[in-house]
file run.cif (mmCIF, C-alpha atoms)
data_final
#
loop_
_atom_site.label_atom_id
_atom_site.label_comp_id
_atom_site.auth_asym_id
_atom_site.auth_seq_id
_atom_site.Cartn_x
_atom_site.Cartn_y
_atom_site.Cartn_z
CA MET K 19 101.29 133.91 71.68
CA ALA K 20 103.66 131.02 71.60
CA GLU K 21 104.87 131.05 68.03
CA ALA K 22 107.77 128.76 68.93
CA ALA K 23 105.43 126.07 70.17
CA ALA K 24 103.65 125.71 66.84
CA VAL K 25 106.87 124.87 64.98
CA VAL K 26 106.63 121.64 63.00
CA ALA K 27 109.34 119.06 63.77
CA HIS K 28 111.55 118.33 60.76
CA GLN K 29 110.21 114.82 60.13
CA PHE K 30 106.69 116.14 59.41
CA ASP K 31 105.41 117.76 56.21
CA ASP K 32 103.11 120.15 58.03
CA ALA K 33 101.35 120.88 61.31
CA GLU K 34 98.36 118.74 60.39
CA GLN K 35 100.48 115.65 59.76
CA GLN K 36 102.28 116.27 63.05
CA ARG K 37 98.98 116.55 64.90
CA ASP K 38 97.63 113.35 63.33
CA SER K 39 100.79 111.49 64.35
CA VAL K 40 100.56 112.74 67.93
CA SER K 41 96.94 111.64 68.09
CA LEU K 42 97.60 108.17 66.63
CA GLY K 43 100.56 107.65 68.96
CA MET K 44 98.40 108.50 71.96
CA TRP K 45 95.69 106.11 70.81
CA LEU K 46 98.28 103.34 70.39
CA PHE K 47 99.31 103.91 74.00
CA LEU K 48 95.68 103.87 75.12
CA ILE K 49 95.01 100.61 73.23
CA GLN K 50 97.91 99.08 75.16
CA GLU K 51 96.27 100.38 78.34
CA ILE K 52 92.92 98.86 77.27
CA MET K 53 94.61 95.47 76.91
CA PHE K 54 96.32 95.87 80.31
CA PHE K 55 93.13 96.68 82.19
CA GLY K 56 91.26 94.22 79.95
CA GLY K 57 93.39 91.40 81.36
CA LEU K 58 92.51 92.44 84.92
CA PHE K 59 88.81 92.65 84.06
CA LEU K 60 88.98 89.24 82.40
CA GLY K 61 90.65 87.60 85.42
CA TYR K 62 88.06 89.20 87.69
CA THR K 63 85.21 87.95 85.49
CA VAL K 64 86.52 84.38 85.45
CA TYR K 65 86.81 84.22 89.24
CA ARG K 66 83.50 86.00 89.74
CA TYR K 67 81.95 83.23 87.63
CA LYS K 68 83.84 80.52 89.57
CA TYR K 69 83.18 81.86 93.09
CA SER K 70 79.98 83.84 92.53
CA GLU K 71 78.74 83.56 96.14
CA ALA K 72 82.04 84.76 97.65
CA PHE K 73 82.28 87.64 95.15
CA ARG K 74 78.68 88.60 95.94
CA ILE K 75 79.66 88.77 99.63
CA GLY K 76 82.73 90.82 98.70
CA SER K 77 80.76 93.35 96.64
CA ASN K 78 78.36 93.87 99.52
CA GLU K 79 81.30 94.61 101.84
CA LEU K 80 82.21 97.63 99.67
CA GLU K 81 80.72 101.02 100.52
CA LEU K 82 78.24 101.76 97.74
CA ALA K 83 77.81 105.43 98.71
CA TRP K 84 81.53 106.21 98.41
CA GLY K 85 81.76 104.30 95.13
CA GLY K 86 78.77 106.17 93.74
CA ILE K 87 80.02 109.57 94.85
CA ASN K 88 83.41 108.82 93.28
CA THR K 89 81.72 107.88 90.01
CA VAL K 90 79.97 111.25 89.92
CA VAL K 91 83.21 113.06 90.88
CA LEU K 92 85.20 111.35 88.14
CA ILE K 93 82.62 111.93 85.40
CA PHE K 94 82.45 115.56 86.51
CA SER K 95 86.25 115.75 86.20
CA SER K 96 85.97 114.41 82.64
CA LEU K 97 83.60 117.30 81.88
CA THR K 98 86.04 119.88 83.30
CA MET K 99 88.87 118.22 81.31
CA ALA K 100 86.81 118.43 78.11
CA LEU K 101 86.16 122.11 78.88
CA ALA K 102 89.92 122.66 79.39
CA VAL K 103 90.56 121.27 75.88
CA HIS K 104 87.69 123.41 74.59
CA ALA K 105 89.29 126.51 76.15
CA ALA K 106 92.63 125.53 74.60
CA GLN K 107 91.03 125.26 71.16
CA LEU K 108 89.77 128.80 71.55
CA GLY K 109 93.14 129.98 72.90
CA LYS K 110 91.69 131.17 76.23
CA ARG K 111 94.66 130.85 78.55
CA LYS K 112 92.94 131.77 81.83
CA ALA K 113 90.06 129.39 81.13
CA ILE K 114 92.52 126.56 80.35
CA VAL K 115 94.22 127.06 83.72
CA ALA K 116 90.90 127.30 85.60
CA TRP K 117 89.44 124.11 84.08
CA LEU K 118 92.73 122.23 84.57
CA LEU K 119 92.77 123.25 88.24
CA ALA K 120 89.14 122.14 88.60
CA THR K 121 90.11 118.77 87.10
CA ILE K 122 93.05 118.44 89.51
CA LEU K 123 90.74 119.27 92.43
CA LEU K 124 88.15 116.68 91.41
CA GLY K 125 90.86 114.07 90.79
CA SER K 126 92.23 114.75 94.27
CA VAL K 127 88.76 114.40 95.82
CA PHE K 128 88.45 111.03 94.10
CA LEU K 129 91.81 109.90 95.50
CA GLY K 130 90.90 111.20 98.97
CA ILE K 131 87.67 109.19 99.00
CA LYS K 132 89.60 106.14 97.77
CA GLY K 133 91.93 106.69 100.74
CA ILE K 134 88.96 106.73 103.15
CA GLU K 135 87.68 103.47 101.65
CA TYR K 136 91.12 101.81 101.85
CA THR K 137 91.45 102.91 105.49
CA HIS K 138 88.10 101.27 106.33
CA LYS K 139 89.23 98.06 104.64
CA PHE K 140 92.40 98.04 106.77
CA GLU K 141 90.35 98.66 109.91
CA HIS K 142 88.00 95.78 109.07
CA HIS K 143 90.92 93.41 108.29
CA LEU K 144 89.75 93.03 104.70
CA VAL K 145 93.17 93.65 103.13
CA PRO K 146 94.52 90.38 101.65
CA GLY K 147 97.56 88.97 103.39
CA PRO K 148 98.41 87.72 106.91
CA GLY K 149 96.12 90.36 108.46
CA PHE K 150 93.07 89.28 106.46
CA HIS K 151 90.20 88.14 108.65
CA TYR K 152 86.65 87.38 107.56
CA GLU K 153 84.21 85.59 109.87
CA GLY K 154 81.64 84.28 107.38
CA SER K 155 81.77 81.44 104.89
CA HIS K 156 84.03 81.38 101.78
CA ALA K 157 86.71 83.37 103.62
CA ARG K 158 89.50 82.37 101.23
CA GLN K 159 87.47 83.25 98.14
CA VAL K 160 86.37 86.53 99.70
CA GLN K 161 90.07 87.27 100.19
CA LEU K 162 90.55 86.63 96.46
CA PHE K 163 87.80 89.17 95.74
CA PHE K 164 89.66 91.74 97.80
CA SER K 165 92.93 90.92 96.01
CA PHE K 166 91.22 91.84 92.74
CA TYR K 167 89.62 94.88 94.38
CA PHE K 168 92.92 96.28 95.60
CA VAL K 169 94.92 95.50 92.44
CA MET K 170 92.28 96.92 90.08
CA THR K 171 91.38 100.03 92.07
CA GLY K 172 95.06 100.46 93.03
CA MET K 173 96.21 100.41 89.39
CA HIS K 174 93.38 102.79 88.56
CA ALA K 175 94.38 105.12 91.42
CA LEU K 176 98.02 105.02 90.25
CA HIS K 177 96.83 106.18 86.82
CA MET K 178 94.90 108.97 88.54
CA VAL K 179 97.99 110.08 90.46
CA ILE K 180 100.01 110.18 87.22
CA GLY K 181 97.15 112.07 85.56
CA VAL K 182 97.08 114.70 88.31
CA GLY K 183 100.86 115.10 87.87
CA LEU K 184 100.44 115.58 84.11
CA LEU K 185 97.69 118.15 84.72
CA ALA K 186 99.97 120.07 87.09
CA VAL K 187 102.62 120.25 84.33
CA LEU K 188 99.94 121.48 81.90
CA VAL K 189 98.92 124.24 84.33
CA TRP K 190 102.53 125.38 84.42
CA MET K 191 102.83 125.21 80.61
CA ALA K 192 99.56 127.10 80.11
CA GLN K 193 100.67 129.77 82.59
CA ALA K 194 103.92 130.11 80.65
CA GLY K 195 101.90 130.76 77.49
CA LYS K 196 102.99 127.60 75.69
CA PHE K 197 99.57 126.99 74.15
CA ASP K 198 97.49 128.86 71.62
CA SER K 199 94.60 127.89 69.37
CA ALA K 200 97.07 126.53 66.76
CA TYR K 201 99.03 124.38 69.24
CA TYR K 202 97.53 122.63 72.25
CA SER K 203 98.37 118.95 71.63
CA PRO K 204 99.64 118.31 75.21
CA VAL K 205 96.27 119.48 76.64
CA GLU K 206 94.34 117.38 74.13
CA MET K 207 96.46 114.23 74.66
CA THR K 208 96.35 114.48 78.46
CA GLY K 209 92.60 114.86 78.02
CA LEU K 210 92.47 111.55 76.13
CA TYR K 211 94.42 109.91 78.95
CA TRP K 212 92.14 111.39 81.63
CA HIS K 213 88.97 110.28 79.82
CA PHE K 214 90.46 106.79 79.41
CA VAL K 215 91.03 106.57 83.18
CA ASP K 216 87.42 107.69 83.62
CA ILE K 217 86.25 104.88 81.32
CA VAL K 218 88.15 102.29 83.38
CA TRP K 219 86.25 103.48 86.46
CA ILE K 220 82.95 103.42 84.54
CA PHE K 221 83.48 99.64 84.27
CA LEU K 222 85.11 99.13 87.69
CA PHE K 223 82.19 100.71 89.58
CA PRO K 224 79.40 98.36 88.43
CA LEU K 225 81.60 95.25 88.37
CA LEU K 226 83.08 95.73 91.86
CA TYR K 227 80.37 97.65 93.74
CA LEU K 228 77.05 96.88 92.06
CA LEU K 229 76.94 93.20 91.09
CA GLY K 230 75.32 91.10 93.81
CA ARG K 231 73.39 94.01 95.36
CA ASP K 232 70.05 92.56 94.26
CA ARG K 233 69.72 90.31 97.33
CA MET X 9 84.41 109.05 56.13
CA THR X 10 85.25 112.50 57.34
CA GLN X 11 81.98 113.65 55.79
CA ARG X 12 80.08 111.82 58.52
CA ALA X 13 81.23 114.37 61.07
CA ILE X 14 78.55 116.96 61.65
CA PRO X 15 79.67 120.40 60.49
CA LEU X 16 80.91 122.51 63.38
CA PRO X 17 82.99 125.63 63.66
CA THR X 18 86.69 124.87 63.50
CA ASP X 19 89.65 126.49 65.23
CA GLU X 20 92.79 127.82 63.54
CA SER X 21 94.27 124.34 63.28
CA GLY X 22 91.18 122.96 61.55
CA HIS X 23 89.91 121.01 64.58
CA HIS X 24 86.23 120.79 65.27
CA VAL X 25 85.23 122.83 68.28
CA VAL X 26 82.44 120.97 70.06
CA PRO X 27 79.91 123.40 71.56
CA VAL X 28 79.85 123.52 75.37
CA ARG X 29 76.12 122.73 75.31
CA LEU X 30 76.88 119.31 73.79
CA TYR X 31 79.45 118.55 76.51
CA LEU X 32 76.85 119.43 79.16
CA MET X 33 74.27 117.17 77.48
CA ILE X 34 76.75 114.25 77.44
CA PHE X 35 77.56 114.93 81.11
CA GLY X 36 73.84 114.90 81.94
CA ALA X 37 73.35 111.63 80.07
CA LEU X 38 76.29 110.06 81.95
CA MET X 39 74.77 111.15 85.28
CA VAL X 40 71.34 109.72 84.39
CA LEU X 41 72.92 106.43 83.27
CA THR X 42 74.88 106.25 86.55
CA ALA X 43 71.65 106.64 88.53
CA VAL X 44 69.93 104.02 86.37
CA THR X 45 72.71 101.46 86.81
CA VAL X 46 72.74 101.92 90.61
CA TRP X 47 68.97 101.49 90.70
CA ALA X 48 68.99 98.49 88.33
CA ALA X 49 71.58 96.76 90.54
CA THR X 50 69.08 96.62 93.43
CA VAL X 51 66.46 94.83 91.32
CA ASN X 52 66.79 91.05 91.13
CA LEU X 53 67.03 90.24 87.42
CA GLY X 54 68.87 86.95 87.86
CA PRO X 55 71.72 86.54 85.37
CA LEU X 56 70.52 89.67 83.54
CA ASN X 57 71.94 91.93 86.28
CA VAL X 58 75.43 91.48 84.82
CA VAL X 59 74.18 92.10 81.29
CA VAL X 60 72.34 95.30 82.25
CA ALA X 61 75.34 96.61 84.24
CA LEU X 62 77.73 95.96 81.34
CA LEU X 63 75.37 97.39 78.71
CA ILE X 64 74.99 100.64 80.65
CA ALA X 65 78.75 100.84 81.30
CA GLY X 66 79.39 100.21 77.59
CA LEU X 67 76.94 102.94 76.62
CA LYS X 68 78.62 105.39 79.04
CA ALA X 69 82.06 104.49 77.70
CA THR X 70 80.84 104.98 74.12
CA LEU X 71 79.55 108.47 74.94
CA VAL X 72 82.89 109.40 76.56
CA ILE X 73 84.90 108.02 73.61
CA LEU X 74 82.77 109.62 70.89
CA TYR X 75 82.28 113.07 72.42
CA PHE X 76 84.71 113.78 75.28
CA MET X 77 87.53 112.04 73.38
CA HIS X 78 86.39 113.57 70.05
CA VAL X 79 86.52 110.27 68.15
CA ARG X 80 83.23 111.19 66.45
CA TYR X 81 85.05 114.10 64.79
CA SER X 82 88.35 112.29 64.23
CA LYS X 83 89.88 110.96 61.03
CA PRO X 84 89.29 107.39 59.77
CA GLN X 85 92.71 106.22 60.97
CA VAL X 86 91.70 107.02 64.57
CA TRP X 87 88.47 105.04 64.09
CA ILE X 88 90.53 102.10 62.81
CA PHE X 89 92.94 102.27 65.76
CA VAL X 90 90.16 102.47 68.34
CA GLY X 91 88.15 99.75 66.60
CA ALA X 92 91.21 97.48 66.40
CA GLY X 93 91.88 97.97 70.11
CA PHE X 94 88.40 96.87 71.09
CA LEU X 95 88.43 94.05 68.53
CA TRP X 96 91.50 92.48 70.20
CA LEU X 97 89.94 93.01 73.61
CA ALA X 98 86.77 91.26 72.41
CA ILE X 99 88.83 88.34 71.04
CA MET X 100 90.66 87.94 74.36
CA ILE X 101 87.46 88.05 76.41
CA THR X 102 85.33 85.88 74.08
CA LEU X 103 87.85 83.06 73.71
CA THR X 104 88.66 82.95 77.43
CA ILE X 105 85.06 83.10 78.62
CA SER X 106 83.87 80.52 76.09
CA ASP X 107 86.55 78.19 77.44
CA TYR X 108 85.55 78.62 81.10
CA LEU X 109 81.80 78.47 80.39
CA SER X 110 82.11 75.24 78.41
CA ARG X 111 84.46 73.28 80.69
CA GLY X 112 81.61 71.46 82.43
CA TRP X 113 80.22 70.03 79.18
#

call {"tool": "encode", "arguments": {"input": "run.cif", "output": "structure tokens"}}
result
Amino acid sequence: MAEAAAVVAHQFDDAEQQRDSVSLGMWLFLIQEIMFFGGLFLGYTVYRYKYSEAFRIGSNELELAWGGINTVVLIFSSLTMALAVHAAQLGKRKAIVAWLLATILLGSVFLGIKGIEYTHKFEHHLVPGPGFHYEGSHARQVQLFFSFYFVMTGMHALHMVIGVGLLAVLVWMAQAGKFDSAYYSPVEMTGLYWHFVDIVWIFLFPLLYLLGRDR
Amino acid sequence: MTQRAIPLPTDESGHHVVPVRLYLMIFGALMVLTAVTVWAATVNLGPLNVVVALLIAGLKATLVILYFMHVRYSKPQVWIFVGAGFLWLAIMITLTISDYLSRGW
């Protein structure tokens, strides 16, 4: 057991106050993240409204199957993350490590599939910039769609990469016996971050891949 | 407000331990909603396609926030923080969209 880990820092009255502060601090960070991604979603919405035909073309250029599979993979990884926190609450060290590793694996699968999709976009000259080439109508507006696509999914993927790094640190900490059922805040807070990244994708998937599929 | 949380076994630190069965049910619901949103996207509903897609995404996000992120079992100050975050997001989106939608008038 990691009795040292459960020590309350001197500025807190007790462990409960410390835990509440950690939790509120994490939520403050996540609110800032909500506003950051919110701005991207808002910009996308405005231009989707302005250039609806071009954005419909853009959405249909995306690979629905890969997007759908990644949605399932990411939601599954949220489940394994929740189970890692659950194992931490019960102080089951081996189960924490196993669920964290499962989450890392699923996160990596997501990033791998994203890599396949990005590669296809490069091959089809759909990456904005001098190499962009689209034969149909609204080529410039379609390029704008892909600018949003790459910035939004790219920022999301960056968050995933950071998340996988955090999970790797947690695996090491759990192995070292730093957590018990009285202290597991790092697992819980990383869980909040991971679920937040999942939520961003829950909105990205329909907005980027699904709108405009009805005709 | 803490009384609203359904009574569950707690761990040594007084946290609610959500049963695994509930996590699996939420996961199942998220999977079903994903299938529904993909299917609904192929049906021509006119302007309602966007509404349906966003409603389902919002419902999925709510399930993740309440159960996977434990907000349902969290203290009132967490509810206030989360609520405030989405309030400011709603203000940003509503004011901007109402501007763009009404420019032609």

call {"tool": "residues_around", "arguments": {"input": "run.cif", "residues": "range 213-222 of chain K", "least_positions_apart": "6", "cutoff": "10 Å", "atoms": "only C-alpha atoms", "output": "PDB file with C-alpha atoms, keeping the file's coordinate frame"}}
result
ATOM      1  CA  LEU K  48      95.680 103.870  75.120  1.00  0.00           C
ATOM      2  CA  ILE K  49      95.010 100.610  73.230  1.00  0.00           C
ATOM      3  CA  GLU K  51      96.270 100.380  78.340  1.00  0.00           C
ATOM      4  CA  ILE K  52      92.920  98.860  77.270  1.00  0.00           C
ATOM      5  CA  PHE K  55      93.130  96.680  82.190  1.00  0.00           C
ATOM      6  CA  GLY K  56      91.260  94.220  79.950  1.00  0.00           C
ATOM      7  CA  PHE K  59      88.810  92.650  84.060  1.00  0.00           C
ATOM      8  CA  GLY K  85      81.760 104.300  95.130  1.00  0.00           C
ATOM      9  CA  ASN K  88      83.410 108.820  93.280  1.00  0.00           C
ATOM     10  CA  THR K  89      81.720 107.880  90.010  1.00  0.00           C
ATOM     11  CA  VAL K  90      79.970 111.250  89.920  1.00  0.00           C
ATOM     12  CA  VAL K  91      83.210 113.060  90.880  1.00  0.00           C
ATOM     13  CA  LEU K  92      85.200 111.350  88.140  1.00  0.00           C
ATOM     14  CA  ILE K  93      82.620 111.930  85.400  1.00  0.00           C
ATOM     15  CA  PHE K  94      82.450 115.560  86.510  1.00  0.00           C
ATOM     16  CA  SER K  95      86.250 115.750  86.200  1.00  0.00           C
ATOM     17  CA  SER K  96      85.970 114.410  82.640  1.00  0.00           C
ATOM     18  CA  LEU K  97      83.600 117.300  81.880  1.00  0.00           C
ATOM     19  CA  MET K  99      88.870 118.220  81.310  1.00  0.00           C
ATOM     20  CA  ALA K 100      86.810 118.430  78.110  1.00  0.00           C
ATOM     21  CA  TYR K 167      89.620  94.880  94.380  1.00  0.00           C
ATOM     22  CA  MET K 170      92.280  96.920  90.080  1.00  0.00           C
ATOM     23  CA  THR K 171      91.380 100.030  92.070  1.00  0.00           C
ATOM     24  CA  HIS K 174      93.380 102.790  88.560  1.00  0.00           C
ATOM     25  CA  ALA K 175      94.380 105.120  91.420  1.00  0.00           C
ATOM     26  CA  HIS K 177      96.830 106.180  86.820  1.00  0.00           C
ATOM     27  CA  MET K 178      94.900 108.970  88.540  1.00  0.00           C
ATOM     28  CA  GLY K 181      97.150 112.070  85.560  1.00  0.00           C
ATOM     29  CA  MET K 207      96.460 114.230  74.660  1.00  0.00           C
ATOM     30  CA  LEU K 228      77.050  96.880  92.060  1.00  0.00           C
TER      31      LEU K 228
ATOM     32  CA  LEU X  38      76.290 110.060  81.950  1.00  0.00           C
ATOM     33  CA  THR X  42      74.880 106.250  86.550  1.00  0.00           C
ATOM     34  CA  ALA X  61      75.340  96.610  84.240  1.00  0.00           C
ATOM     35  CA  LEU X  62      77.730  95.960  81.340  1.00  0.00           C
ATOM     36  CA  ILE X  64      74.990 100.640  80.650  1.00  0.00           C
ATOM     37  CA  ALA X  65      78.750 100.840  81.300  1.00  0.00           C
ATOM     38  CA  GLY X  66      79.390 100.210  77.590  1.00  0.00           C
ATOM     39  CA  LEU X  67      76.940 102.940  76.620  1.00  0.00           C
ATOM     40  CA  LYS X  68      78.620 105.390  79.040  1.00  0.00           C
ATOM     41  CA  ALA X  69      82.060 104.490  77.700  1.00  0.00           C
ATOM     42  CA  THR X  70      80.840 104.980  74.120  1.00  0.00           C
ATOM     43  CA  LEU X  71      79.550 108.470  74.940  1.00  0.00           C
ATOM     44  CA  VAL X  72      82.890 109.400  76.560  1.00  0.00           C
ATOM     45  CA  ILE X  73      84.900 108.020  73.610  1.00  0.00           C
ATOM     46  CA  PHE X  76      84.710 113.780  75.280  1.00  0.00           C
ATOM     47  CA  MET X  77      87.530 112.040  73.380  1.00  0.00           C
TER      48      MET X  77
END

call {"tool": "resolve_selection", "arguments": {"input": "run.cif", "expression": "the PyMOL selection byres ((chain X) within 8 of (chain K))", "output": "CSV table (one decimal) with C-alpha atoms, keeping the file's coordinate frame"}}
result
chain,number,residue,atom,x,y,z
X,19,ASP,CA,89.6,126.5,65.2
X,20,GLU,CA,92.8,127.8,63.5
X,21,SER,CA,94.3,124.3,63.3
X,23,HIS,CA,89.9,121.0,64.6
X,25,VAL,CA,85.2,122.8,68.3
X,26,VAL,CA,82.4,121.0,70.1
X,28,VAL,CA,79.8,123.5,75.4
X,31,TYR,CA,79.4,118.6,76.5
X,32,LEU,CA,76.8,119.4,79.2
X,35,PHE,CA,77.6,114.9,81.1
X,38,LEU,CA,76.3,110.1,82.0
X,39,MET,CA,74.8,111.2,85.3
X,42,THR,CA,74.9,106.2,86.6
X,45,THR,CA,72.7,101.5,86.8
X,46,VAL,CA,72.7,101.9,90.6
X,49,ALA,CA,71.6,96.8,90.5
X,50,THR,CA,69.1,96.6,93.4
X,51,VAL,CA,66.5,94.8,91.3
X,52,ASN,CA,66.8,91.0,91.1
X,53,LEU,CA,67.0,90.2,87.4
X,57,ASN,CA,71.9,91.9,86.3
X,58,VAL,CA,75.4,91.5,84.8
X,61,ALA,CA,75.3,96.6,84.2
X,62,LEU,CA,77.7,96.0,81.3
X,65,ALA,CA,78.8,100.8,81.3
X,66,GLY,CA,79.4,100.2,77.6
X,68,LYS,CA,78.6,105.4,79.0
X,69,ALA,CA,82.1,104.5,77.7
X,72,VAL,CA,82.9,109.4,76.6
X,73,ILE,CA,84.9,108.0,73.6
X,76,PHE,CA,84.7,113.8,75.3
X,77,MET,CA,87.5,112.0,73.4
X,85,GLN,CA,92.7,106.2,61.0
X,86,VAL,CA,91.7,107.0,64.6
X,89,PHE,CA,92.9,102.3,65.8
X,90,VAL,CA,90.2,102.5,68.3
X,93,GLY,CA,91.9,98.0,70.1
X,94,PHE,CA,88.4,96.9,71.1
X,96,TRP,CA,91.5,92.5,70.2
X,97,LEU,CA,89.9,93.0,73.6
X,101,ILE,CA,87.5,88.0,76.4
X,105,ILE,CA,85.1,83.1,78.6
X,108,TYR,CA,85.6,78.6,81.1

call {"tool": "atom_distance", "arguments": {"input": "run.cif", "atom1": "CA of Val25 in chain K", "atom2": "CA of Val115 in chain K"}}
result
22.7 Å

call {"tool": "atom_distance", "arguments": {"input": "run.cif", "atom1": "CA of Thr121 in chain K", "atom2": "CA of Met191 in chain K"}}
result
15.7 Å

call {"tool": "resolve_selection", "arguments": {"input": "run.cif", "expression": "the PyMOL selection byres ((chain K and resi 130) around 12)", "output": "list of chain:residue names"}}
result
K:Trp84, K:Ile87, K:Asn88, K:Val91, K:Leu123, K:Leu124, K:Gly125, K:Ser126, K:Val127, K:Phe128, K:Leu129, K:Ile131, K:Lys132, K:Gly133, K:Ile134, K:Glu135, K:Tyr136, K:Thr137, K:Ala175, K:Met178, K:Val179

call {"tool": "atom_distance", "arguments": {"input": "run.cif", "atom1": "CA of Leu63 in chain X", "atom2": "CA of Thr104 in chain X"}}
result
19.7 Å

call {"tool": "resolve_selection", "arguments": {"input": "run.cif", "expression": "the PyMOL selection byres ((chain K and resi 147-159) around 12)", "output": "PyMOL selection string"}}
result
chain K and resi 65-76+79+139-146+160-166+168

call {"tool": "residues_around", "arguments": {"input": "run.cif", "residues": "Trp190 in chain K", "least_positions_apart": "6", "cutoff": "12 Å", "atoms": "all atoms listed in the file", "output": "PyMOL selection string"}}
result
chain K and resi 111-112+114-116+118-119+183-184+196-197+204-205

call {"tool": "closest_residue", "arguments": {"input": "run.cif", "among": "X:Tyr75, X:Ile88, X:Met100, X:Trp113", "to": "Arg29 in chain X", "atoms": "all atoms listed in the file"}}
result
X:Tyr75

call {"tool": "axis_aligned_box", "arguments": {"input": "run.cif", "around": "range 29-32 of chain X", "padding_each_side": "5 Å", "output": "lines of an AutoDock Vina configuration file"}}
result
center_x = 77.8
center_y = 120.6
center_z = 76.5
size_x = 13.3
size_y = 14.2
size_z = 15.4

call {"tool": "build_atoms", "arguments": {"input": "run.cif", "residues": "range 55-67 of chain X", "atoms": "N, CA and C atoms", "output": "compact mmCIF listing (two decimals), keeping the file's coordinate frame"}}
result
# COMPACT_ATOMS: atom_id res chain seq x y z
N PRO X 55 70.46 86.37 86.11
CA PRO X 55 71.72 86.54 85.37
C PRO X 55 71.75 87.83 84.56
N LEU X 56 70.57 88.46 84.36
CA LEU X 56 70.52 89.67 83.54
C LEU X 56 71.13 90.88 84.24
N ASN X 57 71.34 90.80 85.57
CA ASN X 57 71.94 91.93 86.28
C ASN X 57 73.31 92.29 85.69
N VAL X 58 74.10 91.26 85.40
CA VAL X 58 75.43 91.48 84.82
C VAL X 58 75.29 92.13 83.45
N VAL X 59 74.36 91.60 82.65
CA VAL X 59 74.18 92.10 81.29
C VAL X 59 73.79 93.57 81.31
N VAL X 60 72.81 93.91 82.17
CA VAL X 60 72.34 95.30 82.25
C VAL X 60 73.48 96.22 82.69
N ALA X 61 74.24 95.79 83.74
CA ALA X 61 75.34 96.61 84.24
C ALA X 61 76.37 96.86 83.15
N LEU X 62 76.72 95.82 82.38
CA LEU X 62 77.73 95.96 81.34
C LEU X 62 77.22 96.77 80.15
N LEU X 63 75.93 96.61 79.82
CA LEU X 63 75.37 97.39 78.71
C LEU X 63 75.40 98.89 79.03
N ILE X 64 75.00 99.23 80.27
CA ILE X 64 74.99 100.64 80.65
C ILE X 64 76.41 101.19 80.70
N ALA X 65 77.35 100.40 81.26
CA ALA X 65 78.75 100.84 81.30
C ALA X 65 79.29 101.03 79.89
N GLY X 66 78.94 100.10 78.99
CA GLY X 66 79.39 100.21 77.59
C GLY X 66 78.84 101.45 76.92
N LEU X 67 77.56 101.75 77.20
CA LEU X 67 76.94 102.94 76.62
C LEU X 67 77.64 104.21 77.14
